[in-house]
Amino acid sequence: MKTSHVVSLLVALAATPALAGQVEDQVLAKEKSLWVGFQKHDGELFRKSVTADSVQLVANSAPVVGRDAIVKAMMDPDCTLKSYSLSEEQAHRLAPNVIMLTYVAQQDGGCGKEAFLPKVHSTAIYVQEKGEWLERFYQETPAK
């Protein structure tokens, strides 16, 4: 193999993680935008950001299944997210078209008289459909 081919191959291999990291960063940014969207009751953002068969398992709540149900839940005026912060964000590429995000969310708010758990471990799974990264699954687990 010629030296120039070896150098080209090494350059291509070195560039691959950076490109992959950029995708994970974009998916993480999308997840963060959904928190803003929930705070603003932006149902349209969720309509464009979750799969038709998406599932959300939120602590102290019944499962929410399907895009339409998720949009309705995010627009519920009885639910408010006063403040939140995200930390310990990590992105894990499970397959070429699947990324799992994990992070800790601290939140203040609730639905009706039921308060959100103040601290949860969150997991979101995104799949790539027709070139777009969409949330397929979201789950919260109580954290201490």
# chains A, B, ... in the order shown; residues from 1 in each chain; ligands from 1
>>> residues_around(residues="Lys119 in chain A", least_positions_apart="2", cutoff="9 Å", atoms="only C-alpha atoms", output="ChimeraX atom specification")
/A:104-108,116-117,121,141-144
>>> write_last_selection(atoms="C-alpha atoms", output="PDB file, in the first residue's frame")
ATOM      1  CA  VAL A 104     -29.825  13.563  35.308  1.00  0.00           C
ATOM      2  CA  ALA A 105     -32.704  16.044  35.355  1.00  0.00           C
ATOM      3  CA  GLN A 106     -33.608  18.244  38.279  1.00  0.00           C
ATOM      4  CA  GLN A 107     -37.043  19.764  37.898  1.00  0.00           C
ATOM      5  CA  ASP A 108     -39.613  21.857  39.672  1.00  0.00           C
ATOM      6  CA  PHE A 116     -42.805  16.050  39.492  1.00  0.00           C
ATOM      7  CA  LEU A 117     -40.054  14.135  41.207  1.00  0.00           C
ATOM      8  CA  HIS A 121     -32.297   9.718  35.845  1.00  0.00           C
ATOM      9  CA  THR A 141     -36.236   6.766  37.066  1.00  0.00           C
ATOM     10  CA  PRO A 142     -36.306   8.390  40.523  1.00  0.00           C
ATOM     11  CA  ALA A 143     -32.869   9.558  41.672  1.00  0.00           C
ATOM     12  CA  LYS A 144     -31.544  10.307  45.118  1.00  0.00           C
TER      13      LYS A 144
END
>>> select_by_dssp(residues="chain A", states="strand (DSSP E or B)", output="JSON, numbers by chain")
{"A": [50, 51, 52, 53, 54, 55, 56, 57, 64, 65, 79, 80, 81, 82, 83, 84, 85, 86, 87, 88, 89, 90, 91, 92, 93, 94, 95, 98, 99, 100, 101, 102, 103, 104, 105, 106, 107, 108, 109, 110, 111, 114, 115, 119, 120, 121, 122, 123, 124, 125, 126, 127, 128, 129, 132, 133, 134, 135, 136, 137, 138, 139, 140, 141, 142]}
>>> write_last_selection(atoms="C-alpha atoms", output="short mmCIF file (atom, residue, chain, number, x, y, z; two decimals), in the first residue's frame")
data_model
loop_
_atom_site.label_atom_id
_atom_site.label_comp_id
_atom_site.auth_asym_id
_atom_site.auth_seq_id
_atom_site.Cartn_x
_atom_site.Cartn_y
_atom_site.Cartn_z
CA VAL A 50 -41.08 12.17 18.28
CA THR A 51 -41.95 9.07 16.28
CA ALA A 52 -45.58 8.18 15.63
CA ASP A 53 -45.27 5.26 18.07
CA SER A 54 -43.12 7.01 20.67
CA VAL A 55 -43.48 6.03 24.34
CA GLN A 56 -42.88 8.18 27.42
CA LEU A 57 -42.63 6.69 30.89
CA VAL A 64 -47.98 8.08 27.34
CA VAL A 65 -48.00 6.20 24.04
CA CYS A 79 -48.90 20.74 33.82
CA THR A 80 -46.17 23.27 34.45
CA LEU A 81 -42.40 23.03 34.44
CA LYS A 82 -41.23 26.01 36.46
CA SER A 83 -37.53 25.24 36.23
CA TYR A 84 -35.14 22.45 35.34
CA SER A 85 -31.47 21.64 34.86
CA LEU A 86 -29.77 18.77 33.09
CA SER A 87 -26.40 17.28 34.00
CA GLU A 88 -24.21 14.23 33.42
CA GLU A 89 -25.32 14.07 29.77
CA GLN A 90 -23.98 11.12 27.80
CA ALA A 91 -24.72 9.87 24.31
CA HIS A 92 -24.36 6.20 23.38
CA ARG A 93 -24.49 5.03 19.75
CA LEU A 94 -26.36 1.71 19.89
CA ALA A 95 -26.53 1.23 16.12
CA VAL A 98 -30.01 4.56 17.13
CA ILE A 99 -28.66 6.85 19.85
CA MET A 100 -29.43 6.53 23.56
CA LEU A 101 -29.05 9.60 25.77
CA THR A 102 -28.69 9.38 29.54
CA TYR A 103 -28.65 12.29 31.95
CA VAL A 104 -29.82 13.56 35.31
CA ALA A 105 -32.70 16.04 35.36
CA GLN A 106 -33.61 18.24 38.28
CA GLN A 107 -37.04 19.76 37.90
CA ASP A 108 -39.61 21.86 39.67
CA GLY A 109 -43.20 21.59 38.52
CA GLY A 110 -46.10 19.24 38.33
CA CYS A 111 -49.47 18.33 36.91
CA GLU A 114 -49.06 15.98 41.71
CA ALA A 115 -45.50 17.35 41.82
CA LYS A 119 -34.49 14.58 40.56
CA VAL A 120 -34.63 11.79 37.98
CA HIS A 121 -32.30 9.72 35.84
CA SER A 122 -33.53 10.18 32.28
CA THR A 123 -33.06 7.94 29.27
CA ALA A 124 -34.08 8.94 25.76
CA ILE A 125 -33.69 6.76 22.69
CA TYR A 126 -33.57 8.42 19.29
CA VAL A 127 -33.91 6.69 15.93
CA GLN A 128 -33.12 8.06 12.53
CA GLU A 129 -36.13 8.03 10.21
CA GLU A 132 -34.30 12.92 10.85
CA TRP A 133 -33.44 11.99 14.43
CA LEU A 134 -36.68 11.42 16.36
CA GLU A 135 -37.30 10.46 19.96
CA ARG A 136 -38.73 6.92 20.12
CA PHE A 137 -38.60 6.36 23.88
CA TYR A 138 -38.21 8.43 27.04
CA GLN A 139 -38.10 7.16 30.61
CA GLU A 140 -37.50 8.68 34.03
CA THR A 141 -36.24 6.77 37.07
CA PRO A 142 -36.31 8.39 40.52
#
>>> closest_residue(among="A:Pro77, A:Asn97, A:Lys130, A:Gly37", to="Gly112 in chain A", atoms="only C-alpha atoms")
A:Pro77
>>> closest_residue(among="A:Lys113, A:Pro118, A:Phe46, A:Met74", to="Lys30 in chain A", atoms="only C-alpha atoms")
A:Phe46
>>> select_by_dssp(residues="range 67-142 of chain A", states="helix (DSSP H, G or I)", output="list in words")
Arg67, Asp68, Ala69, Ile70, Val71, Lys72, Ala73 and Met74 of chain A
>>> write_last_selection(atoms="N, CA and C atoms", output="short mmCIF file (atom, residue, chain, number, x, y, z; two decimals), in the first residue's frame")
data_model
loop_
_atom_site.label_atom_id
_atom_site.label_comp_id
_atom_site.auth_asym_id
_atom_site.auth_seq_id
_atom_site.Cartn_x
_atom_site.Cartn_y
_atom_site.Cartn_z
N ARG A 67 -47.53 9.63 19.27
CA ARG A 67 -47.26 11.06 19.04
C ARG A 67 -48.41 11.95 19.48
N ASP A 68 -49.63 11.62 19.09
CA ASP A 68 -50.77 12.48 19.42
C ASP A 68 -50.97 12.61 20.93
N ALA A 69 -50.83 11.49 21.65
CA ALA A 69 -50.99 11.53 23.11
C ALA A 69 -49.87 12.34 23.75
N ILE A 70 -48.66 12.23 23.22
CA ILE A 70 -47.54 13.00 23.77
C ILE A 70 -47.75 14.48 23.53
N VAL A 71 -48.16 14.84 22.33
CA VAL A 71 -48.43 16.26 22.02
C VAL A 71 -49.49 16.81 22.97
N LYS A 72 -50.56 16.04 23.16
CA LYS A 72 -51.64 16.47 24.07
C LYS A 72 -51.11 16.66 25.48
N ALA A 73 -50.30 15.72 25.96
CA ALA A 73 -49.74 15.81 27.31
C ALA A 73 -48.83 17.03 27.46
N MET A 74 -48.04 17.32 26.44
CA MET A 74 -47.11 18.45 26.52
C MET A 74 -47.84 19.79 26.48
#
>>> residues_around(residues="Met75 in chain A", least_positions_apart="6", cutoff="8 Å", atoms="only C-alpha atoms", output="JSON, numbers by chain")
{"A": [38, 41, 42, 43]}
>>> write_last_selection(atoms="C-alpha atoms", output="PDB file, in the first residue's frame")
ATOM      1  CA  PHE A  38     -42.429  21.250  27.441  1.00  0.00           C
ATOM      2  CA  HIS A  41     -46.281  23.867  26.032  1.00  0.00           C
ATOM      3  CA  ASP A  42     -45.002  23.724  22.427  1.00  0.00           C
ATOM      4  CA  GLY A  43     -46.953  20.775  21.072  1.00  0.00           C
TER       5      GLY A  43
END
